[in-house]
Structure formats: C-alpha cells, structure tokens
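File shown: model_21.cif. Contents: mmCIF, C-alpha atoms and all ligand atoms.
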```cif
data_run
loop_
_atom_site.label_atom_id
_atom_site.label_comp_id
_atom_site.auth_asym_id
_atom_site.auth_seq_id
_atom_site.Cartn_x
_atom_site.Cartn_y
_atom_site.Cartn_z
CA MET A 1 -61.60 -6.63 -15.01
CA LEU A 2 -64.38 -5.17 -12.89
CA GLY A 3 -61.97 -5.20 -9.95
CA SER A 4 -59.39 -3.06 -11.74
CA LEU A 5 -62.08 -0.68 -13.00
CA LEU A 6 -63.34 -0.25 -9.47
CA ASP A 7 -59.76 0.40 -8.34
CA ILE A 8 -59.51 3.29 -10.79
CA LEU A 9 -62.88 4.73 -9.79
CA PHE A 10 -62.45 4.04 -6.10
CA PRO A 11 -58.75 3.59 -5.36
CA PRO A 12 -58.34 1.46 -2.23
CA VAL A 13 -57.61 3.52 0.84
CA CYS A 14 -56.94 2.73 4.47
CA MET A 15 -60.28 2.39 6.25
CA LEU A 16 -58.96 4.42 9.16
CA CYS A 17 -56.91 7.27 7.70
CA ASN A 18 -57.63 7.23 3.94
CA ALA A 19 -53.99 6.67 2.97
CA ALA A 20 -53.66 5.00 -0.45
CA LEU A 21 -53.17 1.24 -0.29
CA ALA A 22 -52.31 -1.74 -2.44
CA GLU A 23 -54.38 -4.55 -0.96
CA GLU A 24 -54.50 -4.24 2.79
CA VAL A 25 -57.47 -2.90 4.71
CA PHE A 26 -55.45 -0.71 7.04
CA CYS A 27 -52.18 1.06 6.17
CA LYS A 28 -48.99 0.09 8.02
CA PRO A 29 -49.02 2.96 10.56
CA CYS A 30 -52.69 2.24 11.38
CA THR A 31 -52.01 -1.51 11.66
CA SER A 32 -49.15 -0.91 14.06
CA SER A 33 -51.37 1.40 16.10
CA LEU A 34 -53.68 -1.55 16.82
CA GLU A 35 -52.27 -3.00 20.04
CA VAL A 36 -53.12 -6.66 20.53
CA ILE A 37 -53.66 -7.78 24.13
CA THR A 38 -51.36 -10.65 25.06
CA ALA A 39 -50.71 -12.84 28.11
CA PRO A 40 -50.15 -12.73 30.99
CA LEU A 41 -53.71 -11.76 31.79
CA CYS A 42 -56.38 -12.47 34.43
CA GLU A 43 -57.81 -15.90 33.71
CA VAL A 44 -61.30 -14.61 34.63
CA CYS A 45 -61.82 -11.04 33.43
CA GLY A 46 -58.91 -10.98 30.98
CA VAL A 47 -57.24 -7.82 32.22
CA PRO A 48 -53.61 -7.89 31.06
CA PHE A 49 -51.06 -7.85 33.86
CA PRO A 50 -48.51 -5.04 33.65
CA SER A 51 -45.63 -7.37 34.44
CA SER A 52 -44.82 -10.78 33.03
CA VAL A 53 -43.64 -11.97 36.46
CA GLY A 54 -45.78 -14.66 38.11
CA PRO A 55 -47.90 -17.50 36.74
CA ALA A 56 -49.52 -16.74 33.39
CA GLU A 57 -52.91 -18.09 34.48
CA ARG A 58 -54.17 -16.49 37.65
CA PRO A 59 -57.05 -14.27 38.70
CA CYS A 60 -56.47 -10.55 39.21
CA SER A 61 -57.00 -8.99 42.64
CA GLU A 62 -60.38 -7.55 41.61
CA CYS A 63 -61.70 -10.94 40.48
CA LEU A 64 -60.36 -12.57 43.66
CA ALA A 65 -62.28 -10.03 45.76
CA LYS A 66 -65.57 -10.57 43.89
CA LYS A 67 -67.99 -13.14 45.25
CA LYS A 68 -69.90 -13.93 42.12
CA ILE A 69 -68.77 -13.49 38.55
CA PRO A 70 -71.51 -14.70 36.21
CA TYR A 71 -69.31 -15.42 33.21
CA VAL A 72 -66.60 -18.07 32.90
CA SER A 73 -64.09 -15.82 31.20
CA ALA A 74 -63.92 -12.50 29.40
CA ARG A 75 -61.36 -11.65 26.75
CA SER A 76 -60.65 -8.74 24.44
CA ALA A 77 -58.69 -8.52 21.21
CA LEU A 78 -57.18 -5.04 21.41
CA TYR A 79 -56.25 -2.33 23.84
CA TYR A 80 -58.75 0.52 23.55
CA THR A 81 -56.09 2.99 22.44
CA GLY A 82 -54.68 4.46 19.22
CA GLY A 83 -56.02 2.75 16.12
CA ALA A 84 -58.65 0.73 18.00
CA LEU A 85 -60.09 3.88 19.56
CA LYS A 86 -60.38 5.53 16.16
CA ALA A 87 -61.72 2.39 14.48
CA ILE A 88 -64.43 1.90 17.10
CA HIS A 89 -65.46 5.57 17.00
CA ASP A 90 -65.69 5.46 13.19
CA PHE A 91 -67.58 2.18 13.33
CA LYS A 92 -69.96 3.17 16.11
CA TYR A 93 -70.59 6.88 15.78
CA TYR A 94 -69.69 7.77 12.17
CA GLY A 95 -71.50 5.04 10.30
CA ASN A 96 -68.41 3.29 8.91
CA VAL A 97 -70.11 -0.12 8.91
CA GLY A 98 -67.61 -1.41 6.34
CA LEU A 99 -65.25 -1.83 9.29
CA LYS A 100 -67.27 -4.80 10.50
CA ALA A 101 -65.31 -7.26 8.32
CA PRO A 102 -61.75 -6.26 9.26
CA LEU A 103 -62.70 -5.70 12.90
CA GLY A 104 -64.59 -9.01 12.85
CA ALA A 105 -61.43 -10.68 11.56
CA VAL A 106 -59.42 -9.22 14.44
CA MET A 107 -62.03 -10.53 16.88
CA ALA A 108 -62.08 -13.92 15.18
CA SER A 109 -58.39 -14.45 15.78
CA ALA A 110 -58.87 -13.56 19.46
CA ALA A 111 -61.88 -15.90 19.64
CA LYS A 112 -59.80 -18.71 18.20
CA ALA A 113 -56.88 -18.06 20.51
CA TYR A 114 -58.95 -17.82 23.67
CA PHE A 115 -62.00 -19.99 23.09
CA GLY A 116 -60.90 -22.30 20.30
CA ARG A 117 -60.67 -26.03 20.75
CA PRO A 118 -58.21 -28.19 18.86
CA THR A 119 -59.79 -30.01 15.95
CA GLY A 120 -57.83 -33.14 16.81
CA GLU A 121 -56.53 -33.55 13.27
CA ASP A 122 -54.24 -30.61 12.92
CA GLU A 123 -52.45 -29.17 15.95
CA GLU A 124 -52.58 -25.71 14.44
CA ALA A 125 -56.28 -25.83 13.65
CA PHE A 126 -58.79 -24.62 16.19
CA TYR A 127 -62.53 -24.37 15.93
CA LEU A 128 -65.30 -22.83 17.93
CA SER A 129 -68.03 -25.33 18.61
CA SER A 130 -71.06 -24.87 16.41
CA ASP A 131 -73.17 -25.55 19.54
CA VAL A 132 -72.18 -22.14 20.89
CA ILE A 133 -74.85 -19.47 20.62
CA VAL A 134 -73.43 -16.06 19.71
CA THR A 135 -75.24 -12.95 20.82
CA ALA A 136 -74.48 -9.28 21.40
CA VAL A 137 -75.15 -6.69 24.05
CA PRO A 138 -78.31 -5.06 22.69
CA LEU A 139 -79.06 -1.39 22.18
CA HIS A 140 -82.29 0.16 23.37
CA LYS A 141 -84.70 0.51 20.45
CA LYS A 142 -84.51 4.30 20.66
CA ARG A 143 -80.72 4.22 20.28
CA LEU A 144 -80.96 1.57 17.56
CA LYS A 145 -83.30 3.88 15.65
CA GLU A 146 -80.87 6.80 15.98
CA ARG A 147 -77.81 4.80 14.92
CA GLY A 148 -79.48 2.43 12.49
CA TYR A 149 -77.44 -0.58 13.57
CA ASN A 150 -75.99 -2.26 16.62
CA GLN A 151 -72.22 -2.31 16.14
CA SER A 152 -71.78 -5.18 18.60
CA LEU A 153 -74.36 -7.29 16.76
CA LEU A 154 -72.50 -6.68 13.48
CA LEU A 155 -69.32 -8.00 15.12
CA ALA A 156 -71.20 -10.97 16.58
CA GLY A 157 -72.55 -11.68 13.09
CA GLU A 158 -69.03 -11.74 11.65
CA LEU A 159 -67.94 -14.24 14.31
CA ALA A 160 -70.98 -16.46 13.83
CA LYS A 161 -70.39 -16.50 10.07
CA ARG A 162 -66.71 -17.36 10.35
CA PHE A 163 -67.21 -20.23 12.78
CA SER A 164 -70.65 -21.42 11.60
CA MET A 165 -72.18 -20.69 14.97
CA GLU A 166 -75.79 -19.78 15.62
CA LEU A 167 -76.35 -16.03 15.87
CA ASP A 168 -79.22 -15.18 18.20
CA ARG A 169 -80.02 -11.54 17.43
CA SER A 170 -82.78 -11.18 19.98
CA LEU A 171 -81.62 -13.28 22.92
CA LEU A 172 -81.15 -10.16 25.01
CA LYS A 173 -83.27 -7.06 25.00
CA ARG A 174 -82.47 -3.68 26.52
CA VAL A 175 -85.70 -2.79 28.28
CA ARG A 176 -84.56 0.43 29.88
CA LEU A 177 -82.88 3.36 28.17
CA THR A 178 -79.73 3.91 30.22
CA ARG A 179 -77.33 6.83 30.35
CA PRO A 180 -74.22 6.27 28.21
CA GLN A 181 -71.72 4.39 30.40
CA VAL A 182 -68.87 6.67 29.25
CA GLU A 183 -70.31 9.48 31.39
CA LEU A 184 -70.27 7.40 34.58
CA SER A 185 -67.96 6.11 37.30
CA GLY A 186 -67.54 2.41 38.13
CA THR A 187 -70.27 2.21 40.81
CA GLU A 188 -72.62 4.41 38.79
CA ARG A 189 -72.12 2.11 35.81
CA ARG A 190 -73.26 -0.92 37.78
CA HIS A 191 -76.39 0.90 39.00
CA ASN A 192 -77.03 2.27 35.54
CA VAL A 193 -77.31 -1.16 33.89
CA LYS A 194 -78.96 -3.03 36.78
CA GLY A 195 -82.24 -4.42 35.46
CA ALA A 196 -81.69 -2.78 32.06
CA PHE A 197 -81.79 -6.08 30.13
CA GLU A 198 -84.11 -9.04 29.70
CA VAL A 199 -83.59 -12.51 28.26
CA ALA A 200 -86.08 -13.39 25.53
CA PRO A 201 -88.79 -15.66 26.91
CA GLY A 202 -89.06 -19.19 25.64
CA ARG A 203 -85.39 -19.81 24.89
CA ASP A 204 -84.02 -23.04 26.33
CA LEU A 205 -80.63 -22.00 27.68
CA ASP A 206 -80.10 -24.69 30.27
CA GLY A 207 -76.47 -25.88 29.95
CA LYS A 208 -76.03 -23.97 26.66
CA GLU A 209 -72.80 -22.14 25.93
CA VAL A 210 -73.29 -18.50 25.03
CA LEU A 211 -70.63 -16.21 23.58
CA LEU A 212 -71.59 -12.67 24.49
CA VAL A 213 -70.10 -10.00 22.24
CA ASP A 214 -69.62 -6.30 22.91
CA ASP A 215 -67.45 -3.60 21.38
CA VAL A 216 -65.60 -2.31 24.45
CA TYR A 217 -64.99 -3.66 27.94
CA THR A 218 -64.38 -0.81 30.36
CA THR A 219 -65.44 -1.76 33.89
CA GLY A 220 -67.26 -4.88 32.72
CA ALA A 221 -70.55 -3.63 34.24
CA THR A 222 -72.61 -4.09 31.07
CA VAL A 223 -71.40 -7.58 30.10
CA THR A 224 -71.58 -8.69 33.74
CA GLU A 225 -75.24 -7.63 33.99
CA CYS A 226 -76.07 -9.39 30.69
CA ALA A 227 -74.18 -12.50 31.81
CA ARG A 228 -75.97 -12.45 35.17
CA ILE A 229 -79.42 -12.74 33.64
CA LEU A 230 -78.28 -15.33 31.08
CA LYS A 231 -76.78 -17.41 33.88
CA GLU A 232 -80.06 -17.27 35.80
CA ARG A 233 -81.51 -19.14 32.84
CA GLY A 234 -78.80 -21.83 33.05
CA ALA A 235 -76.44 -20.62 30.31
CA ILE A 236 -72.64 -20.84 30.52
CA ILE A 237 -71.25 -17.54 29.35
CA SER A 238 -67.98 -16.40 27.78
CA VAL A 239 -67.48 -12.77 26.87
CA LEU A 240 -65.53 -11.38 23.94
CA THR A 241 -65.06 -7.69 23.23
CA LEU A 242 -63.19 -6.04 20.42
CA ALA A 243 -61.30 -3.74 22.77
CA ARG A 244 -60.56 -3.24 26.40
CA ALA A 245 -59.89 -0.03 28.28
CA VAL A 246 -57.00 -0.71 30.63
CA SER A 247 -56.11 1.84 33.28
CA ILE A 248 -52.39 2.03 33.80
ZN ZN B 1 -54.21 4.24 7.89
ZN ZN B 2 -59.76 -10.33 36.71
#
```

For the structure just supplied, provide its representation as structure tokens.
Amino acid sequence: MLGSLLDILFPPVCMLCNAALAEEVFCKPCTSSLEVITAPLCEVCGVPFPSSVGPAERPCSECLAKKKIPYVSARSALYYTGGALKAIHDFKYYGNVGLKAPLGAVMASAAKAYFGRPTGEDEEAFYLSSDVIVTAVPLHKKRLKERGYNQSLLLAGELAKRFSMELDRSLLKRVRLTRPQVELSGTERRHNVKGAFEVAPGRDLDGKEVLLVDDVYTTGATVTECARILKERGAIISVLTLARAVSI
C-alpha cells in the first residue's frame, strides 16, 4: 500500500539517467553501458588482457617488472567507461549516495567471484571469510568535510554488510592533503601519495587478511601505498575497486 503510494508520488526512475522504470535500479541502456571486467586478466594487478590467447592466470609485464607488490591481488568489477564513469561521478561528486546499494551489489558479485571461497556444501555458494577486515582508502579530513562522505567507505560498508565482515572505518588515515590524482601522471601519482597515509596505532594486523576498497584503480598508486603500510604491520592485503581505468 505504502509502496504503491510512493510509486505514484515518486515514480521509480533509473538512478543514472532518470528514465522511467518498473523495478530495476538502472534502465536497460544504462545496464548495458556497465562493462564488466572478465578474464583473462593479470593474476596480480587484475588488468584485463586485450587478447584471450595465452594462459588465463599469468602476471602482466608491468607486474613482472616490479620488485615488490605489497598486495596479493587487485581486482575491479567494471571498466571505468560509459555507465560506470557516470555512476561514479554522480556518486562521488554530485551527492548521489543512493547509488551505494546498487554499486555495492556490483562490487559484491566481483568480490564473490574473485575472493570467494566455496562453502563446501553447495558448489555454487561462495562466501567471504568473516575474519577478513574490510577497510577503504580514506579521504583527508578537509576533503571529507567538503564532500560529507567517503564514497569508498560507503562501498566498503555495503560489502561488509553483505558478507558479515568487520568494517574498520579508521584503519587508515590520510595524514597529508594530496593533489587529486586525476591531474597527475603515473610517476607524479606515486610521489603524490608517498607518506600520505598512516595505519591506526594499536591495531593487531599480524597475519590478518585485509580487503582494501577504493572506487577507481587507475595506476594503482594509491592502493599500493595503502597496501604497503598495511603490509609493514603484517597484514595480507587484497584490493577491490568498483572500476578500473584501462588504457587501450
Ligand atoms: Zn538509465
Ligand atoms: Zn599486473
């Protein structure tokens, strides 16, 4: 009753383009503009390979050339194009926080596919261990004040809720206000985030699995720096981002 009244007052519309809808969150054109990343991809950083030739599980040339990668694996749900680009802009810069649930659902299916473990009872059923600590790349308090929320933390919260994992909101702290990474080149990005984060004192992370969440993976500089300091404290880190910018 209340539901149908609400439908008359606020007819359901696509959260991305405002097209009228029956029940879905996104309309069909918007749904098909969300491009899901699929294998084959780098087993370390998760970059999708342009060709399906070769073994599905192998490191990319960039990961092979790197000496130390502080995380075990990084994965992303969507290509940072089309619908994902619009969704993340709306979510991050235009205050459309309602997108956290549908975008969280998209991330949850990627989390299950990449980090899930079989339950043992049902071959189709996967779970994420409740021992995993979920956390997000933090914003500097000045930026948090401007925006009012940390979009990555909202996504991390959705994941924690769905898989009954512990959400640690303050595991990482951004101690230096950095220039927005979008303005910078690859090398500049690494310098920009070096020493920008701190791990909260007093947390026992030795041997603990941490799932680090961010909205977009571009060069990986930010998540790598966060993973580096978490690893120094003994944590084992996996990275999940909603989207990934892939240069073609
Ligand atoms: Zn739409
Ligand atoms: Zn790689």

| request: List all protein, DNA and RNA residues that have an atom no more than 8 Å from any atom of ligand ZN 1 (chain B), counting all atoms listed in the file, and report them as a list in words. | output: Val13, Cys14, Met15, Leu16, Cys17, Asn18, Ala19, Phe26, Cys27, Lys28, Pro29, Cys30 and Thr31 of chain A

Determine the axis-aligned bounding box of all atoms of stretch 64-83 of chain A present in the file, pad each side by 8 Å, and express its centre and edge lengths in Å to one decimal place as lines of an AutoDock Vina configuration file.
```
center_x = -63.1
center_y = -6.8
center_z = 30.9
size_x = 32.8
size_y = 38.5
size_z = 45.6
```

| Shortest interatomic distance to ligand ZN 2 (chain B) - which of A:Pro118, A:Gly157, A:Gly220, A:Pro201, counting only C-alpha atoms and all ligand atoms |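 Checking each candidate against ligand ZN 2 (chain B), we get A:Gly220 as the closest.
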
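When all atoms listed in the file are used to measure the gap to A:Gly98, the shortest distance among A:Val193, A:Cys60, A:Val25, A:Ala74 belongs to A:Val25.
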
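The smallest atom-to-atom distance between ligand ZN 2 (chain B) and any of A:Gly202, A:Pro180, A:Pro48, A:Gly234, using only C-alpha atoms and all ligand atoms, is found for A:Pro48.
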
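For the set A:Leu64, A:Val175, A:Leu34, A:Leu184, the residue with the smallest atom-to-atom gap to ligand ZN 2 (chain B) is A:Leu64, counting all atoms listed in the file.
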
| said: So that I can see what lies close to A:Val213, please list as an MDAnalysis selection string the residues with an atom at most 10 Å from it, counting only C-alpha atoms and leaving out residues fewer than 3 positions away in the same chain. | reply: chainID A and resid 74:76 107 134:138 152:157 159 210 216:217 223 238:242

Okay, now the selection with C-alpha atoms, as a CSV table (one decimal), in the coordinates of the input?
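Full text of result_10.csv as output:
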```csv
chain,number,residue,atom,x,y,z
A,74,ALA,CA,-63.9,-12.5,29.4
A,75,ARG,CA,-61.4,-11.6,26.8
A,76,SER,CA,-60.6,-8.7,24.4
A,107,MET,CA,-62.0,-10.5,16.9
A,134,VAL,CA,-73.4,-16.1,19.7
A,135,THR,CA,-75.2,-13.0,20.8
A,136,ALA,CA,-74.5,-9.3,21.4
A,137,VAL,CA,-75.2,-6.7,24.0
A,138,PRO,CA,-78.3,-5.1,22.7
A,152,SER,CA,-71.8,-5.2,18.6
A,153,LEU,CA,-74.4,-7.3,16.8
A,154,LEU,CA,-72.5,-6.7,13.5
A,155,LEU,CA,-69.3,-8.0,15.1
A,156,ALA,CA,-71.2,-11.0,16.6
A,157,GLY,CA,-72.6,-11.7,13.1
A,159,LEU,CA,-67.9,-14.2,14.3
A,210,VAL,CA,-73.3,-18.5,25.0
A,216,VAL,CA,-65.6,-2.3,24.4
A,217,TYR,CA,-65.0,-3.7,27.9
A,223,VAL,CA,-71.4,-7.6,30.1
A,238,SER,CA,-68.0,-16.4,27.8
A,239,VAL,CA,-67.5,-12.8,26.9
A,240,LEU,CA,-65.5,-11.4,23.9
A,241,THR,CA,-65.1,-7.7,23.2
A,242,LEU,CA,-63.2,-6.0,20.4
```

| task | Taking all atoms listed in the file into account, report as number ranges by chain which residues have an atom no farther than 7 Å from an atom of ligand ZN 2 (chain B). | result | A: 42-47, 59-63

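For A:Lys142, the set of protein, DNA and RNA residues having any atom at most 12 Å away, when counting all atoms listed in the file and skipping those fewer than 2 positions along the same chain, is A:Pro138, A:Leu139, A:His140, A:Leu144, A:Lys145, A:Glu146, A:Arg147, A:Gly148, A:Tyr149, A:Asn150, A:Arg174, A:Val175, A:Arg176, A:Leu177, A:Thr178.
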
Write out the residues from the selection above, keeping C-alpha atoms, as a compact mmCIF listing (two decimals), in the frame of the given file.
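This went into selection12.txt:
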```
# COMPACT_ATOMS: atom_id res chain seq x y z
CA PRO A 138 -78.31 -5.06 22.69
CA LEU A 139 -79.06 -1.39 22.18
CA HIS A 140 -82.29 0.16 23.37
CA LEU A 144 -80.96 1.57 17.56
CA LYS A 145 -83.30 3.88 15.65
CA GLU A 146 -80.87 6.80 15.98
CA ARG A 147 -77.81 4.80 14.92
CA GLY A 148 -79.48 2.43 12.49
CA TYR A 149 -77.44 -0.58 13.57
CA ASN A 150 -75.99 -2.26 16.62
CA ARG A 174 -82.47 -3.68 26.52
CA VAL A 175 -85.70 -2.79 28.28
CA ARG A 176 -84.56 0.43 29.88
CA LEU A 177 -82.88 3.36 28.17
CA THR A 178 -79.73 3.91 30.22
```

| message | Excluding A:Thr224 and its own-chain neighbours fewer than 5 positions away, which residues fall within 10 Å of it when counting only C-alpha atoms? Please give them as a count of residues only. | response | 12

| remark: Restricting to all atoms listed in the file, whichever of A:Lys100, A:Ser73, A:Ser51, A:Lys173 is closest to A:Leu211 is A:Ser73

| query | Restricting the calculation to all atoms listed in the file, which member of A:Pro40, A:Lys141, A:Tyr114, A:Asp215 is positioned closest to A:Phe91? | reply |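 For A:Phe91, the nearest of the given residues is A:Asp215.
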
| task | Within 10 Å of A:Asp204, counting only C-alpha atoms, which residues show up once you throw out same-chain ones fewer than 3 positions away? Write them as a PyMOL selection string, please. | result | chain A and resi 200-201+207-208+233-235

| field | Length of the atom CA of A:Ser32 to atom CA of A:Ala243 vector [Å] | value | 15.2 Å

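Non-sequential neighbours of A:Asp131 (distance at most 8 Å, separation of 5 or more positions within a chain, only C-alpha atoms) are Met165, Glu166, Lys208 and Glu209 of chain A.
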
| So how far away is atom CA of A:Ala101 from atom CA of A:Glu198, in Å? | 28.5 Å

| task | Give me, please, the distance in Å between atom CA of A:Leu167 and atom CA of A:Thr222, quoted to one decimal. | result | 19.7 Å
